[in-house]
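I have placed the structure first, in the form of structure tokens, so that the comments after it can refer back to it.
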Amino acid sequence: MPELAQVIVDVPTMQTNRPYTYQIPDRLSHQVKIGMRVIVPFGKGQREVQGFIVGLDEPTSYDGQLKPLSGLMDLTPVVNPELLELSKWMADDTYSFWISCIYTMLPNVLKAQSKRVVRIVDEIDEQTSLNLFKGGDELDFADVQNDPDAVSQLLKLRRAGKIRFEYQVVDRAKVKMVTTITPAMDFLQLEDVLHDLRKNAKVQQRLAAYLQNLQGHTVTLMQAEKESGLNSAAFSMGMKKGWLKKGQIERYRIPDSGRVPSERELTKPLKLTHDQEQVLAPVVKDIDQEQAQTFLLRGVTGSGKTEVYLHAIAHALKKGQSALLLVPEISLTPQIVDQVRGRFGKQVAVIHSALSSGERYDEWRRIERGEASVVVGARSAVFAPLKNIGIIIMDEEHESSYKQDDVPRYHARKVAKWRSRYHHCPLLLGSATPSLESYARAMAGNYQLLTLAHRINQQPLPPIQVIDMRPEIQARGESNFSTELLSALNDRLQKHEQSILMLNRRGFSSFMMCRSCGYVLKCPNCDISLTMHLDTHTMKCHYCGHEEPIPSVCPNCHSRQIRYYGTGTEKVAMELHHLLPQARVIRMDVDTTRRKGMHGKLLREFGNHEADILLGTQMIAKGLDFPNVTLVGVLNADTGLDIPDFRASERTFDLLSQVSGRAGRADKKGQVIIQTFNPDNYAIRLAQAHDYDHFFATEMNIRSQAGYPPYFYTVKLMASHPEEKEAAKVIYDLKAHLTGLAKDTIILGPTPRAIARLKRRYYYQIIIKYRHDPALHQCLTKMLQYAQQQYPRDVELVIDPDPQYFL
Ligand SMILES: Nc1ncnc2c1ncn2[C@@H]1O[C@H](COP(=O)(O)OP(=O)(O)OP(=O)(O)O)[C@@H](O)[C@H]1O
Ligand SMILES: [Zn+2]
Ligand SMILES: [Zn+2]
């Protein structure tokens with residue numbers, strides 16, 4: 001029997017980032033297991049907090065009086081040994097608290113919530129006891145806090161030392177239960193019952209006959225009522241007579257139920273093409289041989305990557321293993337979810353942000369119990385409690401949404417790699433436009449490269465036309481549509497074919513571009529766009545700190561037309577209505593898809609040809625497979641380019657390649673039109689040529705010269721405070737702590753952040769670039785400890801490894 005438990009408490013500070021030792025009371029000693037939630041007293045006030053058991057009977061250096069555990073919150077562990085180990089690794093790797101990492105892996109309802117209870121500790125008079133405490137010895141303060149009389153009575157009692165206020169941890173993990181009935185007699189016994197019944201006891205006759213029919217099986221009360229036509233009172237009567245037993249079973253809240261196909265409706269695997277076979281073979285081999293190999297599948301848009309995934313999953317299942325499929329954002333890729341459900345039915349669990357917390361908890365339990373062996377989900381699904389994983393797949397591996405930009409700042413790809421090593425299973429990364437990091441690794445032989453160079457339909461990728469919008473604007477004034485695009489749209493309308501229009505929405509409005517020549521003001525040192533700061537009336541570089549006045553004429557062509565460029569989808573939809581009144585348009589952006597289920601609904605409508613044009617933001621660029629779409633138009637290719645970030649070109653290339661890939665996926669030929677103010681930009685030109693290899697080479701060259709990933713690793717340090725000078729003071733202090741680093745490690749900054757003030761806080765940052773620096777990790781971990789101890793509470797420090805944005 002274990003006597004001591006090591007517990008990680010739910011008090012996220014650096015001091016509590018290690019286990020505390022508690023005594024295990026005898027009454028709990030045969031139940032405690034590693035990975036269970038417990039309630040423990042903590043801190044000066046000995047208030048109750050939730051914690052996780054991470055070890056039992058490990059030697060402890062603590063020699064004082066040990067406190068006992070107050071209680072267990074689970075009957076079985078909620079964190080299995082694998083995930084516990086993973087959480088510990090992740091805390092270290094991402095400079096986060098262990099407790100935050102554990103919570104990140106679990107459904108929200110397992111997070112502790114505390115309630116204030118009032119407990120009687122000394123005798124009180126009977127009247128008060130009855131009125132306030134209903135005869136019990138405690139009450140939930142939330143029940144009385146709005147009643148001034150009750151509150152004043154309680155305060156009086158507390159002054160007299162008769163009651164105590166306590167915090168109690170509440171378990172929110174509610175399981176949904178339904179009532180069941182089971183016959184308590186066998187067929188012949190019920191036959192006797194029927195025989196003895198009076199002729200006019202119709203209800204009893206019907207009940208007994210129904211129970212006979214069940215032949216001992218258990219059904220839900222609801223089903224029994226429906227099938228027998230009897231009401232619940234009849235079944236209660238049957239229970240009293242001893243004919244049946246009632247019970248309770250758990251019911252899962254299956255998200256968007258009704259869409260789970262039955263066994264008969266499951267889709268049959270497609271016969272793979274020769275190319276697909278070639279790609280699948282080495283993956284299957286490594287599933288069989290349990291090799292933790294990482295594969296990078298580079299397959300052009302429409303090359304049938306999804307079918308390869310489905311075959312790999314099927315293989316793992318056949319071997320008796322489970323499978324994990326990660327997608328960038330479930331709501332943006334509803335088609336792939338439907339495909340997986342369609343193939344594997346109720347074995348599939350889907351995890352995404354739009355689930356209610358109850359639904360999420362239910363899906364999580366289905367996985368945990370092994371009832372669902374295929375998991376599809378976005379970033380956080382990488383923590384799905386699957387056992388015996390046979391294959392992990394990450395679709396659109398280049399997507400930046402795989403990195404969490406809040407604590408813990410983990411990248412799902414890195415976590416997936418960790419789990420692939422743990423389970424000795426292959427990891428398959430797929431994309432039409434792999435990230436530079438991954439492709440460079442494949443080139444270096446760290447990943448095994450697999451290629452699907454052709455579309456399934458054996459058609460070439462659609463031809464792309466790049467339209468220079470500068471003369472268009474001169475000639476036609478302020479319009480979002482070039483002559484070519486408009487006539488192409490008209491042409492599809494005539495032919496009853498469909499079009500997709502993408503408006504590349506800018507994340508920021510603080511960049512300047514000349515509308516006459518397309519010139520974007522850049523930093524002379526960094527070759528990255530400058531950001532406009534209206535507070536200081538300057539243009540700043542967020543990498544090196546360079547600063548210059550806001551120009552009033554274009555430094556390139558001396559035009560005065562230099563300003564903010566950007567339009568919303570609503571405005572474009574209005575113009576579209578004016579230009580093509582007969583066209584039916586579906587608009588898809590954050591506004592029209594805010595309501596739950598709207599995204600899928602709009603896509604289904606478009607799929608049913610209830611509209612001619614799908615107009616949307618970046619959210620329509622990925623994964624859509626509509627055979628009738630033959631035209632894709634990009635209204636403004638540039639907006640991604642002028643964001644001051646070293647990945648701006650890569651993102652633009654990816655986006656244009658992805659969205660172009662939506663055209664001509666079936667037997668009809670596709671066409672793509674891209675409108676831009678920068679027709680000569682290499683990312684646009686090379687996307688036009690469908691030339692990933694050339695883009696890769698060009699971009700790698702630039703990254704090498706400027707010292708960016710994948711040639712260097714990066715870490716971002718960010719300090720914030722409500723007062724600007726405090727934030728600045730902290731960041732300079734932190735910089736002084738960056739010592740003992742490798743010679744070729746580069747420290748950029750401190751500089752104010754692009755959005756220097758956010759939510760009433762000021763932000764300053766430092767970028768660290770390094771190749772190989774064994775001392776850095778330790779240095780940053782120490783810095784975090786130092787910051788926790790030395791800085792006032794209103795200072796916030798962020799350490800972001802491999803940041804997606806430098807902004
Ligand atoms: N072996 C096959 N036989 C027939 N049709 C196939 C086969 N494999 C895939 N397809 C079909 O080809 C189309 C394109 O496949 P899929 O959507 O998987 O491409 P993809 O590579 O994922 O493209 P994207 O990167 O654009 O999402 C789909 O309609 C799919 O049903
Ligand atoms: Zn200009
Ligand atoms: Zn600069």
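Naming scheme: A, B, ... for chains in displayed order of the structure tokens; residues 1 onward per chain; ligands 1 onward as shown.
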Would you pick out the contacts of range 359-368 of chain A at 10 Å or less, using only C-alpha atoms, so that residues sharing its chain but fewer than 5 positions from it are not included, and give the list as a VMD selection string? chain A and resid 78 to 80 106 to 110 173 to 176 250 to 256 322 347 to 354 373 to 375 381 383 to 387
Any chance you can output those residues with C-alpha atoms as a PDB file, in the first residue's frame?
```pdb
ATOM      1  CA  VAL A  78      -7.831  10.560 -15.976  1.00  0.00           C
ATOM      2  CA  VAL A  79      -4.254  10.959 -17.166  1.00  0.00           C
ATOM      3  CA  ASN A  80      -2.592   7.794 -18.380  1.00  0.00           C
ATOM      4  CA  LEU A 106      -7.950  17.097 -20.739  1.00  0.00           C
ATOM      5  CA  PRO A 107     -11.521  18.133 -21.470  1.00  0.00           C
ATOM      6  CA  ASN A 108     -12.422  21.378 -19.785  1.00  0.00           C
ATOM      7  CA  VAL A 109     -14.918  19.834 -17.400  1.00  0.00           C
ATOM      8  CA  LEU A 110     -12.076  18.091 -15.582  1.00  0.00           C
ATOM      9  CA  ALA A 173     -17.524  16.238 -15.058  1.00  0.00           C
ATOM     10  CA  LYS A 174     -21.151  15.264 -15.282  1.00  0.00           C
ATOM     11  CA  VAL A 175     -22.053  12.078 -16.993  1.00  0.00           C
ATOM     12  CA  LYS A 176     -25.434  11.975 -18.669  1.00  0.00           C
ATOM     13  CA  GLU A 250     -24.454   6.404 -19.298  1.00  0.00           C
ATOM     14  CA  ARG A 251     -25.440   8.074 -22.498  1.00  0.00           C
ATOM     15  CA  TYR A 252     -22.991   9.859 -24.730  1.00  0.00           C
ATOM     16  CA  ARG A 253     -23.785  13.188 -26.221  1.00  0.00           C
ATOM     17  CA  ILE A 254     -22.769  12.416 -29.796  1.00  0.00           C
ATOM     18  CA  PRO A 255     -22.001  15.695 -31.541  1.00  0.00           C
ATOM     19  CA  ASP A 256     -24.126  16.442 -34.606  1.00  0.00           C
ATOM     20  CA  SER A 322      -5.877   3.013 -33.308  1.00  0.00           C
ATOM     21  CA  GLN A 347     -15.502   4.098 -34.420  1.00  0.00           C
ATOM     22  CA  VAL A 348     -14.693   7.737 -35.151  1.00  0.00           C
ATOM     23  CA  ALA A 349     -14.475  10.429 -32.500  1.00  0.00           C
ATOM     24  CA  VAL A 350     -14.335  14.047 -33.598  1.00  0.00           C
ATOM     25  CA  ILE A 351     -12.771  16.677 -31.398  1.00  0.00           C
ATOM     26  CA  HIS A 352     -13.012  20.359 -32.166  1.00  0.00           C
ATOM     27  CA  SER A 353     -13.571  23.724 -30.615  1.00  0.00           C
ATOM     28  CA  ALA A 354     -17.241  24.033 -31.524  1.00  0.00           C
ATOM     29  CA  SER A 373     -10.326   4.041 -32.246  1.00  0.00           C
ATOM     30  CA  VAL A 374     -10.106   6.723 -34.920  1.00  0.00           C
ATOM     31  CA  VAL A 375      -9.776  10.332 -33.816  1.00  0.00           C
ATOM     32  CA  ALA A 381      -6.765  16.363 -30.604  1.00  0.00           C
ATOM     33  CA  PHE A 383      -3.608  14.710 -26.942  1.00  0.00           C
ATOM     34  CA  ALA A 384      -6.445  12.254 -27.566  1.00  0.00           C
ATOM     35  CA  PRO A 385      -6.070   9.457 -24.987  1.00  0.00           C
ATOM     36  CA  LEU A 386      -5.764   6.743 -27.631  1.00  0.00           C
ATOM     37  CA  LYS A 387      -3.890   3.637 -26.688  1.00  0.00           C
TER      38      LYS A 387
END
```
Please, which residues have at least one atom within 12 Å of an atom of ligand 2, using only C-alpha atoms and all ligand atoms, listed as a ChimeraX atom specification? /A:470,512-521,551-563,677-678
Point-to-point distance from CA of Pro722 in chain A to CA of Ala787 in chain A, Å rounded to tenths: 16.7 Å
Could the residues of chain A that have an atom at most 8 Å from ligand 1 be listed as a Markdown table, each with its closest atom pair and the distance in Å to one decimal, counting only C-alpha atoms and all ligand atoms and ordered by chain and ascending residue number?
```
| residue | atom | partner | partner_atom_place_in_ligand_line | distance |
| --- | --- | --- | --- | --- |
| A:Leu270 | CA | ligand 1 | 1 (N) | 5.1 |
| A:Lys271 | CA | ligand 1 | 1 (N) | 4.9 |
| A:Leu272 | CA | ligand 1 | 1 (N) | 3.7 |
| A:Thr273 | CA | ligand 1 | 1 (N) | 4.9 |
| A:Gln276 | CA | ligand 1 | 1 (N) | 7.1 |
| A:Gly299 | CA | ligand 1 | 21 (O) | 5.8 |
| A:Val300 | CA | ligand 1 | 21 (O) | 6.1 |
| A:Thr301 | CA | ligand 1 | 26 (O) | 3.5 |
| A:Gly302 | CA | ligand 1 | 19 (O) | 3.5 |
| A:Ser303 | CA | ligand 1 | 21 (O) | 3.9 |
| A:Gly304 | CA | ligand 1 | 18 (O) | 3.4 |
| A:Lys305 | CA | ligand 1 | 21 (O) | 3.8 |
| A:Thr306 | CA | ligand 1 | 18 (O) | 3.7 |
| A:Glu307 | CA | ligand 1 | 8 (N) | 5.1 |
| A:Val308 | CA | ligand 1 | 8 (N) | 7.5 |
| A:Glu396 | CA | ligand 1 | 25 (O) | 7.6 |
| A:Ser431 | CA | ligand 1 | 25 (O) | 6.3 |
| A:Ala432 | CA | ligand 1 | 25 (O) | 5.5 |
| A:Arg455 | CA | ligand 1 | 14 (C) | 7.4 |
| A:Ile456 | CA | ligand 1 | 12 (O) | 5.3 |
| A:Asn457 | CA | ligand 1 | 12 (O) | 7.1 |
| A:Lys622 | CA | ligand 1 | 27 (O) | 6.5 |
| A:Gly623 | CA | ligand 1 | 27 (O) | 3.8 |
| A:Leu624 | CA | ligand 1 | 27 (O) | 6.4 |
| A:Asp625 | CA | ligand 1 | 17 (O) | 5.7 |
| A:Phe626 | CA | ligand 1 | 29 (O) | 7.8 |
| A:Pro627 | CA | ligand 1 | 29 (O) | 7.4 |
| A:Gln658 | CA | ligand 1 | 26 (O) | 6.6 |
| A:Gly661 | CA | ligand 1 | 26 (O) | 5.4 |
| A:Arg662 | CA | ligand 1 | 26 (O) | 6.3 |
| A:Arg665 | CA | ligand 1 | 13 (C) | 6.5 |
| A:Ala666 | CA | ligand 1 | 29 (O) | 7.1 |
```
One number please: CA of Ala719 in chain A to CA of Asp733 in chain A, in Å, one decimal. 10.4 Å
Which neighbours of Phe97 in chain A fall inside 12 Å, counting only C-alpha atoms, when residues of the same chain fewer than 2 positions from it are skipped, and could you give them as a PyMOL selection string? chain A and resi 8-19+87-95+99-104+407-409+781+784-785+788
Using N, CA and C atoms, can you write the selected residues to a file as a tab-separated table (two decimals), in the first residue's frame?
```
chain	number	residue	atom	x	y	z
A	8	ILE	N	0.86	17.30	-8.19
A	8	ILE	CA	1.01	18.60	-8.85
A	8	ILE	C	-0.26	19.38	-8.55
A	9	VAL	N	-0.13	20.52	-7.87
A	9	VAL	CA	-1.33	21.24	-7.46
A	9	VAL	C	-1.72	22.29	-8.49
A	10	ASP	N	-3.00	22.60	-8.48
A	10	ASP	CA	-3.55	23.56	-9.44
A	10	ASP	C	-3.34	24.99	-8.95
A	11	VAL	N	-2.09	25.36	-8.80
A	11	VAL	CA	-1.73	26.72	-8.40
A	11	VAL	C	-0.54	27.09	-9.27
A	12	PRO	N	-0.81	27.60	-10.47
A	12	PRO	CA	0.29	27.76	-11.41
A	12	PRO	C	1.25	28.90	-11.05
A	13	THR	N	2.30	28.57	-10.38
A	13	THR	CA	3.41	29.50	-10.18
A	13	THR	C	4.67	28.65	-10.30
A	14	MET	N	5.79	29.34	-10.41
A	14	MET	CA	7.05	28.61	-10.57
A	14	MET	C	7.33	27.73	-9.34
A	15	GLN	N	6.95	28.25	-8.15
A	15	GLN	CA	7.23	27.49	-6.93
A	15	GLN	C	6.46	26.17	-6.88
A	16	THR	N	5.29	26.16	-7.53
A	16	THR	CA	4.47	24.94	-7.47
A	16	THR	C	4.66	24.09	-8.71
A	17	ASN	N	5.70	24.40	-9.48
A	17	ASN	CA	5.89	23.67	-10.73
A	17	ASN	C	6.60	22.34	-10.50
A	18	ARG	N	6.50	21.83	-9.31
A	18	ARG	CA	7.07	20.52	-8.98
A	18	ARG	C	6.07	19.85	-8.03
A	19	PRO	N	6.15	18.53	-7.91
A	19	PRO	CA	5.17	17.83	-7.08
A	19	PRO	C	5.35	18.15	-5.59
A	87	SER	N	3.16	15.35	-20.71
A	87	SER	CA	2.91	16.66	-20.12
A	87	SER	C	4.17	17.21	-19.45
A	88	LYS	N	4.93	16.33	-18.89
A	88	LYS	CA	6.14	16.76	-18.21
A	88	LYS	C	7.18	17.25	-19.23
A	89	TRP	N	7.30	16.49	-20.29
A	89	TRP	CA	8.22	16.88	-21.36
A	89	TRP	C	7.80	18.22	-21.96
A	90	MET	N	6.47	18.36	-22.17
A	90	MET	CA	5.97	19.56	-22.82
A	90	MET	C	6.17	20.80	-21.95
A	91	ALA	N	5.99	20.64	-20.65
A	91	ALA	CA	6.18	21.76	-19.74
A	91	ALA	C	7.61	22.29	-19.87
A	92	ASP	N	8.54	21.36	-19.94
A	92	ASP	CA	9.93	21.75	-20.06
A	92	ASP	C	10.22	22.35	-21.42
A	93	ASP	N	9.67	21.74	-22.45
A	93	ASP	CA	9.97	22.15	-23.82
A	93	ASP	C	9.37	23.52	-24.15
A	94	THR	N	8.24	23.84	-23.56
A	94	THR	CA	7.56	25.10	-23.91
A	94	THR	C	7.64	26.14	-22.80
A	95	TYR	N	8.45	25.90	-21.81
A	95	TYR	CA	8.59	26.82	-20.68
A	95	TYR	C	7.24	27.11	-20.04
A	99	ILE	N	1.15	21.88	-14.56
A	99	ILE	CA	-0.30	21.80	-14.38
A	99	ILE	C	-1.05	22.32	-15.61
A	100	SER	N	-0.54	23.39	-16.23
A	100	SER	CA	-1.21	23.91	-17.44
A	100	SER	C	-1.15	22.90	-18.55
A	101	CYS	N	-0.03	22.18	-18.64
A	101	CYS	CA	0.10	21.18	-19.70
A	101	CYS	C	-0.87	20.02	-19.47
A	102	ILE	N	-1.02	19.61	-18.23
A	102	ILE	CA	-1.96	18.52	-17.94
A	102	ILE	C	-3.38	18.96	-18.33
A	103	TYR	N	-3.75	20.17	-17.93
A	103	TYR	CA	-5.10	20.64	-18.25
A	103	TYR	C	-5.33	20.78	-19.74
A	104	THR	N	-4.28	21.17	-20.47
A	104	THR	CA	-4.41	21.32	-21.92
A	104	THR	C	-4.81	20.01	-22.58
A	407	VAL	N	-0.40	29.94	-23.70
A	407	VAL	CA	0.27	28.90	-22.93
A	407	VAL	C	-0.56	27.62	-22.87
A	408	PRO	N	0.01	26.47	-22.92
A	408	PRO	CA	1.40	26.20	-23.30
A	408	PRO	C	1.58	26.33	-24.81
A	409	ARG	N	2.66	26.96	-25.23
A	409	ARG	CA	2.85	27.28	-26.64
A	409	ARG	C	3.46	26.09	-27.38
A	781	THR	N	14.93	28.84	-18.74
A	781	THR	CA	14.20	28.26	-17.62
A	781	THR	C	14.51	29.02	-16.34
A	784	LEU	N	12.82	32.39	-16.27
A	784	LEU	CA	11.41	32.29	-15.91
A	784	LEU	C	11.25	32.23	-14.39
A	785	GLN	N	12.11	31.46	-13.76
A	785	GLN	CA	12.08	31.37	-12.30
A	785	GLN	C	12.37	32.72	-11.67
A	788	GLN	N	9.48	35.14	-12.01
A	788	GLN	CA	8.39	34.83	-11.09
A	788	GLN	C	8.67	35.37	-9.70
```
Give me every alpha helix (DSSP H) residue in range 579-701 of chain A, going by DSSP on the backbone, as a PyMOL selection string. chain A and resi 579+598-607+648-660+682-688+692-701
Expected file: the selected residues, N, CA and C atoms, as a compact mmCIF listing (two decimals), in the first residue's frame:
```
# COMPACT_ATOMS: atom_id res chain seq x y z
N LEU A 579 -22.72 44.27 -60.25
CA LEU A 579 -22.11 43.93 -61.54
C LEU A 579 -22.78 42.71 -62.18
N MET A 598 -23.21 26.81 -39.22
CA MET A 598 -23.44 27.61 -40.43
C MET A 598 -22.42 27.29 -41.52
N HIS A 599 -21.20 27.04 -41.10
CA HIS A 599 -20.13 26.79 -42.05
C HIS A 599 -20.48 25.59 -42.93
N GLY A 600 -20.84 24.48 -42.27
CA GLY A 600 -21.20 23.28 -43.01
C GLY A 600 -22.44 23.50 -43.86
N LYS A 601 -23.39 24.25 -43.33
CA LYS A 601 -24.64 24.49 -44.04
C LYS A 601 -24.38 25.25 -45.34
N LEU A 602 -23.58 26.31 -45.25
CA LEU A 602 -23.28 27.10 -46.45
C LEU A 602 -22.56 26.26 -47.49
N LEU A 603 -21.62 25.43 -47.02
CA LEU A 603 -20.88 24.59 -47.97
C LEU A 603 -21.79 23.56 -48.63
N ARG A 604 -22.72 23.01 -47.84
CA ARG A 604 -23.65 22.04 -48.44
C ARG A 604 -24.52 22.71 -49.49
N GLU A 605 -24.97 23.94 -49.18
CA GLU A 605 -25.77 24.67 -50.15
C GLU A 605 -25.00 24.89 -51.45
N PHE A 606 -23.74 25.28 -51.28
CA PHE A 606 -22.92 25.51 -52.47
C PHE A 606 -22.73 24.19 -53.23
N GLY A 607 -22.48 23.11 -52.48
CA GLY A 607 -22.31 21.79 -53.09
C GLY A 607 -23.55 21.36 -53.87
N ALA A 648 5.95 35.81 -44.59
CA ALA A 648 4.90 36.40 -45.41
C ALA A 648 4.85 35.78 -46.81
N SER A 649 6.00 35.61 -47.44
CA SER A 649 6.02 35.06 -48.80
C SER A 649 5.58 33.62 -48.81
N GLU A 650 6.05 32.87 -47.81
CA GLU A 650 5.68 31.45 -47.73
C GLU A 650 4.17 31.33 -47.59
N ARG A 651 3.58 32.16 -46.72
CA ARG A 651 2.14 32.08 -46.50
C ARG A 651 1.38 32.44 -47.77
N THR A 652 1.87 33.44 -48.47
CA THR A 652 1.19 33.85 -49.70
C THR A 652 1.27 32.74 -50.74
N PHE A 653 2.46 32.16 -50.88
CA PHE A 653 2.61 31.06 -51.84
C PHE A 653 1.67 29.90 -51.50
N ASP A 654 1.64 29.52 -50.23
CA ASP A 654 0.77 28.43 -49.78
C ASP A 654 -0.69 28.73 -50.11
N LEU A 655 -1.11 29.93 -49.71
CA LEU A 655 -2.51 30.29 -49.85
C LEU A 655 -2.93 30.28 -51.31
N LEU A 656 -2.10 30.89 -52.18
CA LEU A 656 -2.45 30.95 -53.59
C LEU A 656 -2.47 29.54 -54.19
N SER A 657 -1.51 28.71 -53.80
CA SER A 657 -1.49 27.34 -54.33
C SER A 657 -2.71 26.56 -53.87
N GLN A 658 -3.06 26.73 -52.58
CA GLN A 658 -4.19 25.99 -52.04
C GLN A 658 -5.49 26.40 -52.71
N VAL A 659 -5.70 27.72 -52.80
CA VAL A 659 -6.98 28.17 -53.33
C VAL A 659 -7.09 27.86 -54.81
N SER A 660 -5.97 27.96 -55.53
CA SER A 660 -5.98 27.60 -56.95
C SER A 660 -6.39 26.15 -57.13
N TYR A 682 7.94 37.26 -56.37
CA TYR A 682 8.30 35.87 -56.69
C TYR A 682 7.31 34.85 -56.12
N ALA A 683 6.71 35.16 -54.97
CA ALA A 683 5.76 34.19 -54.40
C ALA A 683 4.54 34.06 -55.32
N ILE A 684 4.11 35.18 -55.88
CA ILE A 684 2.96 35.15 -56.78
C ILE A 684 3.34 34.48 -58.11
N ARG A 685 4.49 34.87 -58.65
CA ARG A 685 4.95 34.29 -59.92
C ARG A 685 5.11 32.77 -59.82
N LEU A 686 5.71 32.33 -58.74
CA LEU A 686 5.99 30.89 -58.64
C LEU A 686 4.72 30.09 -58.30
N ALA A 687 3.80 30.72 -57.58
CA ALA A 687 2.51 30.06 -57.36
C ALA A 687 1.81 29.92 -58.71
N GLN A 688 1.94 30.96 -59.53
CA GLN A 688 1.35 30.93 -60.86
C GLN A 688 1.90 29.76 -61.68
N TYR A 692 6.64 24.62 -56.80
CA TYR A 692 7.04 24.56 -55.39
C TYR A 692 8.56 24.47 -55.25
N ASP A 693 9.19 23.65 -56.09
CA ASP A 693 10.63 23.44 -55.95
C ASP A 693 11.40 24.74 -56.10
N HIS A 694 11.01 25.51 -57.10
CA HIS A 694 11.68 26.78 -57.34
C HIS A 694 11.43 27.75 -56.18
N PHE A 695 10.19 27.74 -55.70
CA PHE A 695 9.89 28.61 -54.57
C PHE A 695 10.71 28.21 -53.35
N PHE A 696 10.78 26.92 -53.12
CA PHE A 696 11.55 26.42 -51.98
C PHE A 696 13.00 26.90 -52.07
N ALA A 697 13.60 26.74 -53.25
CA ALA A 697 15.00 27.13 -53.42
C ALA A 697 15.17 28.63 -53.19
N THR A 698 14.29 29.44 -53.80
CA THR A 698 14.40 30.89 -53.67
C THR A 698 14.25 31.33 -52.21
N GLU A 699 13.23 30.79 -51.58
CA GLU A 699 12.93 31.21 -50.22
C GLU A 699 14.01 30.74 -49.25
N MET A 700 14.52 29.54 -49.47
CA MET A 700 15.59 29.03 -48.60
C MET A 700 16.82 29.93 -48.71
N ASN A 701 17.07 30.40 -49.91
CA ASN A 701 18.19 31.29 -50.13
C ASN A 701 18.03 32.58 -49.31
```
All strand (DSSP E or B) positions in range 525-759 of chain A, as a VMD selection string: chain A and resid 529 531 to 533 538 to 540 547 to 549 562 to 563 585 to 588 613 to 616 629 to 634 671 to 676 713 to 721 746 to 758
Once you have the residues from the selection above, write them out as a tab-separated table (two decimals), in the first residue's frame, restricted to C-alpha atoms.
```tsv
chain	number	residue	atom	x	y	z
A	529	SER	CA	7.86	45.80	-44.36
A	531	THR	CA	4.77	49.03	-39.58
A	532	MET	CA	2.96	52.28	-39.09
A	533	HIS	CA	2.70	53.60	-35.56
A	538	THR	CA	6.66	56.79	-37.50
A	539	MET	CA	7.24	53.64	-39.53
A	540	LYS	CA	9.06	51.04	-37.45
A	547	GLU	CA	12.42	53.94	-37.43
A	548	GLU	CA	11.56	56.63	-40.00
A	549	PRO	CA	8.86	59.26	-40.57
A	562	ILE	CA	-0.29	55.95	-50.73
A	563	ARG	CA	-2.65	54.56	-48.17
A	585	VAL	CA	-23.76	34.47	-54.11
A	586	ILE	CA	-22.94	32.75	-50.83
A	587	ARG	CA	-20.80	34.88	-48.57
A	588	MET	CA	-18.57	33.09	-46.13
A	613	ILE	CA	-20.42	31.98	-56.50
A	614	LEU	CA	-18.83	31.23	-53.14
A	615	LEU	CA	-17.27	34.45	-51.89
A	616	GLY	CA	-15.13	34.18	-48.80
A	629	VAL	CA	-16.11	24.56	-59.59
A	630	THR	CA	-14.14	25.57	-62.66
A	631	LEU	CA	-13.12	29.12	-61.78
A	632	VAL	CA	-11.18	30.44	-58.80
A	633	GLY	CA	-10.56	34.15	-58.44
A	634	VAL	CA	-8.30	35.82	-55.89
A	671	GLN	CA	-9.08	28.26	-64.50
A	672	VAL	CA	-7.58	30.61	-61.91
A	673	ILE	CA	-7.33	34.40	-61.94
A	674	ILE	CA	-5.18	36.19	-59.39
A	675	GLN	CA	-5.42	39.99	-59.06
A	676	THR	CA	-2.45	41.80	-57.58
A	713	TYR	CA	15.84	28.29	-34.56
A	714	THR	CA	14.09	31.17	-32.87
A	715	VAL	CA	12.63	32.05	-29.49
A	716	LYS	CA	10.56	35.12	-28.75
A	717	LEU	CA	10.63	36.78	-25.34
A	718	MET	CA	7.87	39.21	-24.63
A	719	ALA	CA	7.27	41.35	-21.57
A	720	SER	CA	4.18	43.38	-20.95
A	721	HIS	CA	2.92	45.78	-18.34
A	746	ILE	CA	21.90	36.35	-32.18
A	747	ILE	CA	19.80	38.56	-29.92
A	748	LEU	CA	17.55	41.05	-31.73
A	749	GLY	CA	15.99	43.89	-29.82
A	750	PRO	CA	14.47	44.78	-27.45
A	751	THR	CA	11.87	46.47	-29.62
A	752	PRO	CA	8.27	47.43	-29.02
A	753	ARG	CA	5.86	44.95	-30.50
A	754	ALA	CA	3.97	45.77	-33.73
A	755	ILE	CA	0.82	46.24	-31.76
A	756	ALA	CA	2.65	47.95	-28.96
A	757	ARG	CA	-0.41	48.38	-26.82
A	758	LEU	CA	-3.02	45.70	-26.51
```
Name all residues at most 12 Å from Arg47 in chain A (count only C-alpha atoms; drop same-chain ones fewer than 2 positions away) and give them as a ChimeraX atom specification. /A:9-11,39-45,49-50,70,114-117,164-169
Excluding Trp243 in chain A and residues on its chain fewer than 6 positions from it, collect all residues at most 10 Å away from it, counting only C-alpha atoms, and give them as a PyMOL selection string. chain A and resi 182-186+189-190+193+207-208+211+235-237
